[in-house]
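Colleague: Okay, here's the structure, questions in a sec.
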Protein chains: 4
Amino acid sequence: MDRPTYTLVRDVMFFDTDIGGVVHNLAYLRLIEEARTQLAFLMGMDLKEMSSFSVFPVLLKTEVSYLKPATLGDCLRIEGCLSSLDRVRFFCDFIVYRQSDSAELVKCRQALAIVKMPEGRPQRLPKEWIEQWS
Amino acid sequence: MDRPTYTLVRDVMFFDTDIGGVVHNLAYLRLIEEARTQLAFLMGMDLKEMSSFSVFPVLLKTEVSYLKPATLGDCLRIEGCLSSLDRVRFFCDFIVYRQSDSAELVKCRQALAIVKMPEGRPQRLPKEWIEQWS
Amino acid sequence: MDRPTYTLVRDVMFFDTDIGGVVHNLAYLRLIEEARTQLAFLMGMDLKEMSSFSVFPVLLKTEVSYLKPATLGDCLRIEGCLSSLDRVRFFCDFIVYRQSDSAELVKCRQALAIVKMPEGRPQRLPKEWIEQWS
Amino acid sequence: MDRPTYTLVRDVMFFDTDIGGVVHNLAYLRLIEEARTQLAFLMGMDLKEMSSFSVFPVLLKTEVSYLKPATLGDCLRIEGCLSSLDRVRFFCDFIVYRQSDSAELVKCRQALAIVKMPEGRPQRLPKEWIEQWS
């Protein structure tokens, strides 16, 4: 079965920019968080129910490269996908594009685990995930 | 007894500014949050212990006026105080100054309550607060 | 002519919540900023062009009341409108609803001006705005 | 000459935490930004003057690993240093510690350049930097 993908489209806001006249590096990561949360819904995670059991998807690692700047007036397209998984970790890839010309602005890879809080114990990933997507 | 006051001093960061070349309106409110949290510690609130009982200071209302802009290179001084209280609400006032010339940049008044979550039930304020500060 | 309105719909994200288990007060204001920016586009402001002339819509005042909390799993609907204007200021009203039951969570009124930076000089509002919407 | 280092100490705020009961991944990066900006001042960058010439330190890449969670009530110590540089890029390393027991919570490496905006052209790094710190 195809691995889940999600596309988020967002206009650049004033609070996304800084005095340099371009989008601030943290703003891209907030948008990537938003895309990853929607991806989690698609993967079948019910975050409200999980949080009632104190189980959460937790970020282990982010690698992000800033290639070209966006600015006010631009529309951003964030494409995210589940790229691979092992027994306790899963990996997502994101590319942020400028919608008007599909220029690649930001590339990002993240590693995550499903963790029981507050102990911080990683859970084994669901069997169905491994069957469907590994 | 004198009502508690707190002064926070912070340099303007890139992420505080926007493409307009000045500090974004939300950034001042984040700094005011920081000053108010330190004020809460001074008033004797142990936020870690309170959160273990799901009891939190909760914002009911904010009124904020933006008078003059700050920019990168400025240092901000946020002066906060407990200004008044009744049985269930307390009120804090904040002024954000530019440190170099003490120009008033932002004025803010906030109303808060102590609330038990997730029910959202406001608690009566501690008797000592009312005795000392009303 | 009817005054412009805009409705923004957003799922609650992890970064919108805090340890209290509910949406943090600053997160609502970020969403209100997003609704107001879309409202600005509808009113005919070309923010990219304006910023090339260093002319920006600037917030003068915010009054916001927090009525009920939202949490992870909720979807928020932010309804914004231009409510009135005079020669140099315009006023916008926002209500944040929980999408599932239309409960009113947050009410907000903001006053704005169109300002030439970095001098900070307010401009007279466009004649068409006053003719159409006052 | 020793390469510049900077230590930032900050209490965890409500807005740094999320419904999982721990500090959100983006909050650490905001604190690392703050430490890096102070490091820039130490390295002799006058950000206000640079921004008047539209010259800015720009982030090219971030690698960040989340090792252990912090929570409300914790105090964080962010230690940053200039770790290496070549003709156009410089690299900074950061570790976020819990102040109480010096547990390592987050490790981060960032690559930066000095860029002329809006063209996005990287400048050669100052000769003194290379003489002193390479």
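Lettering and numbering for the structure tokens are positional, with chains as A, B, ... in the shown order, residues counted from 1 in each chain, and ligands counted from 1 in the shown order.
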Could you list, with a cut-off of 7 Å and counting only C-alpha atoms, the residues of chain B near chain D, each shown with its nearest atom pair and the distance in Å rounded to one decimal, rows sorted by chain and ascending number, as a Markdown table?
Modeller:
| residue | atom | partner | partner_atom | distance |
| --- | --- | --- | --- | --- |
| B:Met13 | CA | D:Glu34 | CA | 6.7 |
| B:Glu34 | CA | D:Met13 | CA | 6.7 |
| B:Leu47 | CA | D:Gly73 | CA | 6.6 |
| B:Lys48 | CA | D:Gly73 | CA | 5.1 |
| B:Leu72 | CA | D:Lys48 | CA | 5.7 |
| B:Gly73 | CA | D:Lys48 | CA | 5.0 |
Colleague: For the residues in the current selection, export all heavy atoms as a compact mmCIF listing (two decimals), in the first residue's frame.
Modeller:
# COMPACT_ATOMS: atom_id res chain seq x y z
N MET B 13 14.92 40.17 19.36
CA MET B 13 15.46 39.10 18.51
C MET B 13 14.91 39.23 17.08
O MET B 13 13.86 39.83 16.89
CB MET B 13 15.05 37.73 19.07
CG MET B 13 15.62 37.41 20.44
SD MET B 13 17.40 37.03 20.33
CE MET B 13 18.05 38.26 21.49
N GLU B 34 6.01 36.19 29.78
CA GLU B 34 7.20 35.81 30.53
C GLU B 34 7.29 36.63 31.83
O GLU B 34 7.56 36.08 32.90
CB GLU B 34 8.44 36.03 29.65
CG GLU B 34 9.66 35.32 30.16
CD GLU B 34 10.85 35.36 29.19
OE1 GLU B 34 10.66 35.66 27.98
OE2 GLU B 34 11.97 35.13 29.67
N LEU B 47 4.20 26.78 40.04
CA LEU B 47 3.47 26.34 38.84
C LEU B 47 3.63 24.85 38.60
O LEU B 47 2.71 24.19 38.14
CB LEU B 47 3.93 27.15 37.63
CG LEU B 47 3.66 28.66 37.72
CD1 LEU B 47 4.17 29.36 36.46
CD2 LEU B 47 2.18 28.95 37.90
N LYS B 48 4.79 24.29 38.93
CA LYS B 48 4.99 22.85 38.75
C LYS B 48 4.06 22.07 39.66
O LYS B 48 3.39 21.13 39.22
CB LYS B 48 6.45 22.49 39.03
CG LYS B 48 6.81 21.09 38.59
CD LYS B 48 8.31 20.89 38.51
CE LYS B 48 8.65 19.71 37.60
NZ LYS B 48 10.09 19.66 37.32
N LEU B 72 14.98 45.88 15.87
CA LEU B 72 16.21 45.13 16.14
C LEU B 72 17.29 46.08 16.67
O LEU B 72 17.46 47.18 16.15
CB LEU B 72 16.70 44.48 14.84
CG LEU B 72 17.75 43.38 15.00
CD1 LEU B 72 17.17 42.16 15.67
CD2 LEU B 72 18.36 43.00 13.66
N GLY B 73 18.00 45.65 17.70
CA GLY B 73 19.01 46.50 18.31
C GLY B 73 18.50 47.17 19.57
O GLY B 73 19.28 47.59 20.41
Colleague: Can you list, as a PyMOL selection string, every protein, DNA or RNA residue that comes within 10 Å of Gln123 (chain D) when you count only C-alpha atoms, leaving out same-chain residues fewer than 3 positions away?
Modeller: chain D and resi 55-57+87-89+113-116+120+126
Colleague: Give me a file of those residues, with N, CA, C and O atoms, as a JSON list (two decimals), in the first residue's frame.
Modeller:
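Just written: result-v5.json:
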[["chain", "number", "residue", "atom", "x", "y", "z"],
["D", 55, "VAL", "N", 22.20, 43.41, 5.29],
["D", 55, "VAL", "CA", 23.11, 42.27, 5.42],
["D", 55, "VAL", "C", 22.73, 41.54, 6.71],
["D", 55, "VAL", "O", 22.60, 42.18, 7.76],
["D", 56, "PHE", "N", 22.55, 40.21, 6.62],
["D", 56, "PHE", "CA", 22.04, 39.45, 7.76],
["D", 56, "PHE", "C", 22.75, 38.11, 7.88],
["D", 56, "PHE", "O", 23.09, 37.50, 6.87],
["D", 57, "PRO", "N", 22.93, 37.63, 9.12],
["D", 57, "PRO", "CA", 23.33, 36.23, 9.28],
["D", 57, "PRO", "C", 22.13, 35.35, 8.92],
["D", 57, "PRO", "O", 21.02, 35.60, 9.39],
["D", 87, "ARG", "N", 35.40, 29.82, 4.27],
["D", 87, "ARG", "CA", 35.40, 31.16, 3.67],
["D", 87, "ARG", "C", 34.06, 31.86, 3.71],
["D", 87, "ARG", "O", 33.98, 33.07, 3.88],
["D", 88, "VAL", "N", 32.97, 31.09, 3.56],
["D", 88, "VAL", "CA", 31.65, 31.73, 3.56],
["D", 88, "VAL", "C", 30.67, 31.20, 4.61],
["D", 88, "VAL", "O", 29.63, 31.80, 4.82],
["D", 89, "ARG", "N", 31.00, 30.10, 5.25],
["D", 89, "ARG", "CA", 30.06, 29.53, 6.22],
["D", 89, "ARG", "C", 30.70, 29.47, 7.61],
["D", 89, "ARG", "O", 31.91, 29.29, 7.73],
["D", 113, "ALA", "N", 25.54, 31.62, 7.04],
["D", 113, "ALA", "CA", 26.33, 32.48, 6.16],
["D", 113, "ALA", "C", 25.91, 33.92, 6.42],
["D", 113, "ALA", "O", 24.88, 34.17, 7.05],
["D", 114, "ILE", "N", 26.73, 34.85, 5.98],
["D", 114, "ILE", "CA", 26.37, 36.27, 6.02],
["D", 114, "ILE", "C", 25.87, 36.61, 4.61],
["D", 114, "ILE", "O", 26.60, 36.45, 3.63],
["D", 115, "VAL", "N", 24.63, 37.08, 4.53],
["D", 115, "VAL", "CA", 23.98, 37.19, 3.23],
["D", 115, "VAL", "C", 23.48, 38.62, 3.02],
["D", 115, "VAL", "O", 22.96, 39.25, 3.93],
["D", 116, "LYS", "N", 23.66, 39.11, 1.77],
["D", 116, "LYS", "CA", 23.11, 40.41, 1.36],
["D", 116, "LYS", "C", 21.72, 40.17, 0.80],
["D", 116, "LYS", "O", 21.54, 39.38, -0.13],
["D", 120, "GLY", "N", 20.16, 37.60, -1.73],
["D", 120, "GLY", "CA", 20.51, 36.32, -1.13],
["D", 120, "GLY", "C", 21.95, 35.90, -1.41],
["D", 120, "GLY", "O", 22.27, 34.73, -1.37],
["D", 126, "PRO", "N", 34.41, 37.89, 7.38],
["D", 126, "PRO", "CA", 35.46, 38.86, 7.71],
["D", 126, "PRO", "C", 36.82, 38.17, 7.91],
["D", 126, "PRO", "O", 36.90, 37.12, 8.55]]
Colleague: Would you please give, as a VMD selection string, all residues of region 34-96 of chain C that DSSP assigns to alpha helix (DSSP H) based on the backbone?
Modeller: chain C and resid 34 to 42 47 to 52
Colleague: Using only C-alpha atoms, can you tell me which of D:Val58, D:Leu31, D:Asp18, D:Leu42 comes closest to Met117 (chain D)?
Modeller: D:Val58
Colleague: Have a look at CA of Phe41 (chain A) and CA of Phe90 (chain A) and let me know their distance in Å, one decimal.
Modeller: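 Separation of CA of Phe41 (chain A) and CA of Phe90 (chain A): 14.7 Å.
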Colleague: Distance CA of Cys92 (chain C)-CA of Gln110 (chain C), one decimal place?
Modeller: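 Taking CA of Cys92 (chain C) and CA of Gln110 (chain C), their separation equals 5.3 Å.
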Colleague: I'd like the contact shell of Ser134 (chain A) - 12 Å cut-off, only C-alpha atoms, skipping same-chain residues fewer than 3 positions apart - returned as a list in words.
Modeller: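 What passes the distance filter is Met1, Asp2, Arg3, Pro4, Leu82, Ser83, Ser84, Leu85, Asp86, Arg87, Arg89, Phe90, Phe91, Leu125, Pro126, Lys127, Glu128, Trp129, Ile130 and Glu131 of chain A.
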Colleague: Limited to N, CA, C and O atoms, could you put the picked residues into a file as a PDB file, in the first residue's frame?
Modeller:
ATOM      1  N   MET A   1       0.844  -1.202   0.000  1.00  0.00           N
ATOM      2  CA  MET A   1       0.000   0.000   0.000  1.00  0.00           C
ATOM      3  C   MET A   1       0.879   1.252   0.000  1.00  0.00           C
ATOM      4  O   MET A   1       1.934   1.274   0.629  1.00  0.00           O
ATOM      5  N   ASP A   2       0.426   2.250  -0.708  1.00  0.00           N
ATOM      6  CA  ASP A   2       1.219   3.483  -0.777  1.00  0.00           C
ATOM      7  C   ASP A   2       1.378   4.115   0.606  1.00  0.00           C
ATOM      8  O   ASP A   2       0.441   4.122   1.404  1.00  0.00           O
ATOM      9  N   ARG A   3       2.557   4.636   0.840  1.00  0.00           N
ATOM     10  CA  ARG A   3       2.790   5.324   2.109  1.00  0.00           C
ATOM     11  C   ARG A   3       2.052   6.660   2.100  1.00  0.00           C
ATOM     12  O   ARG A   3       1.978   7.320   1.058  1.00  0.00           O
ATOM     13  N   PRO A   4       1.541   7.064   3.271  1.00  0.00           N
ATOM     14  CA  PRO A   4       0.725   8.289   3.319  1.00  0.00           C
ATOM     15  C   PRO A   4       1.520   9.552   2.977  1.00  0.00           C
ATOM     16  O   PRO A   4       2.698   9.676   3.326  1.00  0.00           O
ATOM     17  N   LEU A  82       5.395   9.980   4.841  1.00  0.00           N
ATOM     18  CA  LEU A  82       6.052   8.949   5.650  1.00  0.00           C
ATOM     19  C   LEU A  82       7.059   8.273   4.728  1.00  0.00           C
ATOM     20  O   LEU A  82       6.666   7.692   3.710  1.00  0.00           O
ATOM     21  N   SER A  83       8.350   8.367   5.065  1.00  0.00           N
ATOM     22  CA  SER A  83       9.330   7.831   4.107  1.00  0.00           C
ATOM     23  C   SER A  83       9.845   6.444   4.492  1.00  0.00           C
ATOM     24  O   SER A  83      10.158   5.651   3.620  1.00  0.00           O
ATOM     25  N   SER A  84       9.929   6.142   5.787  1.00  0.00           N
ATOM     26  CA  SER A  84      10.340   4.790   6.183  1.00  0.00           C
ATOM     27  C   SER A  84      10.040   4.586   7.662  1.00  0.00           C
ATOM     28  O   SER A  84       9.682   5.533   8.375  1.00  0.00           O
ATOM     29  N   LEU A  85      10.167   3.350   8.127  1.00  0.00           N
ATOM     30  CA  LEU A  85       9.935   3.072   9.546  1.00  0.00           C
ATOM     31  C   LEU A  85      10.654   1.794   9.933  1.00  0.00           C
ATOM     32  O   LEU A  85      10.957   0.945   9.097  1.00  0.00           O
ATOM     33  N   ASP A  86      11.010   1.710  11.230  1.00  0.00           N
ATOM     34  CA  ASP A  86      11.523   0.448  11.773  1.00  0.00           C
ATOM     35  C   ASP A  86      10.653   0.071  12.981  1.00  0.00           C
ATOM     36  O   ASP A  86       9.494   0.473  13.032  1.00  0.00           O
ATOM     37  N   ARG A  87      11.157  -0.706  13.931  1.00  0.00           N
ATOM     38  CA  ARG A  87      10.262  -1.181  14.983  1.00  0.00           C
ATOM     39  C   ARG A  87       9.739  -0.101  15.911  1.00  0.00           C
ATOM     40  O   ARG A  87       8.597  -0.147  16.365  1.00  0.00           O
ATOM     41  N   ARG A  89      10.823   3.554  15.401  1.00  0.00           N
ATOM     42  CA  ARG A  89      10.930   4.906  14.840  1.00  0.00           C
ATOM     43  C   ARG A  89      10.272   4.983  13.466  1.00  0.00           C
ATOM     44  O   ARG A  89      10.277   4.007  12.717  1.00  0.00           O
ATOM     45  N   PHE A  90       9.736   6.193  13.149  1.00  0.00           N
ATOM     46  CA  PHE A  90       9.311   6.407  11.770  1.00  0.00           C
ATOM     47  C   PHE A  90       9.876   7.738  11.294  1.00  0.00           C
ATOM     48  O   PHE A  90      10.185   8.628  12.088  1.00  0.00           O
ATOM     49  N   PHE A  91      10.055   7.836   9.978  1.00  0.00           N
ATOM     50  CA  PHE A  91      10.760   8.965   9.380  1.00  0.00           C
ATOM     51  C   PHE A  91       9.846   9.659   8.382  1.00  0.00           C
ATOM     52  O   PHE A  91       9.165   8.988   7.599  1.00  0.00           O
ATOM     53  N   LEU A 125       5.939   0.296  17.286  1.00  0.00           N
ATOM     54  CA  LEU A 125       4.979   0.857  16.326  1.00  0.00           C
ATOM     55  C   LEU A 125       3.893  -0.179  16.014  1.00  0.00           C
ATOM     56  O   LEU A 125       4.143  -1.382  16.096  1.00  0.00           O
ATOM     57  N   PRO A 126       2.684   0.270  15.653  1.00  0.00           N
ATOM     58  CA  PRO A 126       1.591  -0.662  15.370  1.00  0.00           C
ATOM     59  C   PRO A 126       1.978  -1.654  14.262  1.00  0.00           C
ATOM     60  O   PRO A 126       2.581  -1.271  13.263  1.00  0.00           O
ATOM     61  N   LYS A 127       1.576  -2.931  14.447  1.00  0.00           N
ATOM     62  CA  LYS A 127       1.880  -3.974  13.477  1.00  0.00           C
ATOM     63  C   LYS A 127       1.381  -3.599  12.072  1.00  0.00           C
ATOM     64  O   LYS A 127       2.052  -3.861  11.070  1.00  0.00           O
ATOM     65  N   GLU A 128       0.204  -2.976  12.017  1.00  0.00           N
ATOM     66  CA  GLU A 128      -0.374  -2.636  10.709  1.00  0.00           C
ATOM     67  C   GLU A 128       0.533  -1.655   9.954  1.00  0.00           C
ATOM     68  O   GLU A 128       0.625  -1.718   8.733  1.00  0.00           O
ATOM     69  N   TRP A 129       1.145  -0.722  10.680  1.00  0.00           N
ATOM     70  CA  TRP A 129       2.046   0.224  10.013  1.00  0.00           C
ATOM     71  C   TRP A 129       3.171  -0.529   9.321  1.00  0.00           C
ATOM     72  O   TRP A 129       3.510  -0.248   8.178  1.00  0.00           O
ATOM     73  N   ILE A 130       3.760  -1.465  10.077  1.00  0.00           N
ATOM     74  CA  ILE A 130       4.918  -2.197   9.549  1.00  0.00           C
ATOM     75  C   ILE A 130       4.496  -3.070   8.370  1.00  0.00           C
ATOM     76  O   ILE A 130       5.177  -3.124   7.341  1.00  0.00           O
ATOM     77  N   GLU A 131       3.330  -3.694   8.484  1.00  0.00           N
ATOM     78  CA  GLU A 131       2.845  -4.529   7.379  1.00  0.00           C
ATOM     79  C   GLU A 131       2.567  -3.696   6.126  1.00  0.00           C
ATOM     80  O   GLU A 131       2.914  -4.083   5.013  1.00  0.00           O
TER      81      GLU A 131
END
Colleague: What separation in Å, quoted to one decimal, exists between CA of Tyr6 (chain C) and CA of Leu26 (chain B)?
Modeller: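 Straight-line distance from CA of Tyr6 (chain C) to CA of Leu26 (chain B) works out to 20.8 Å.
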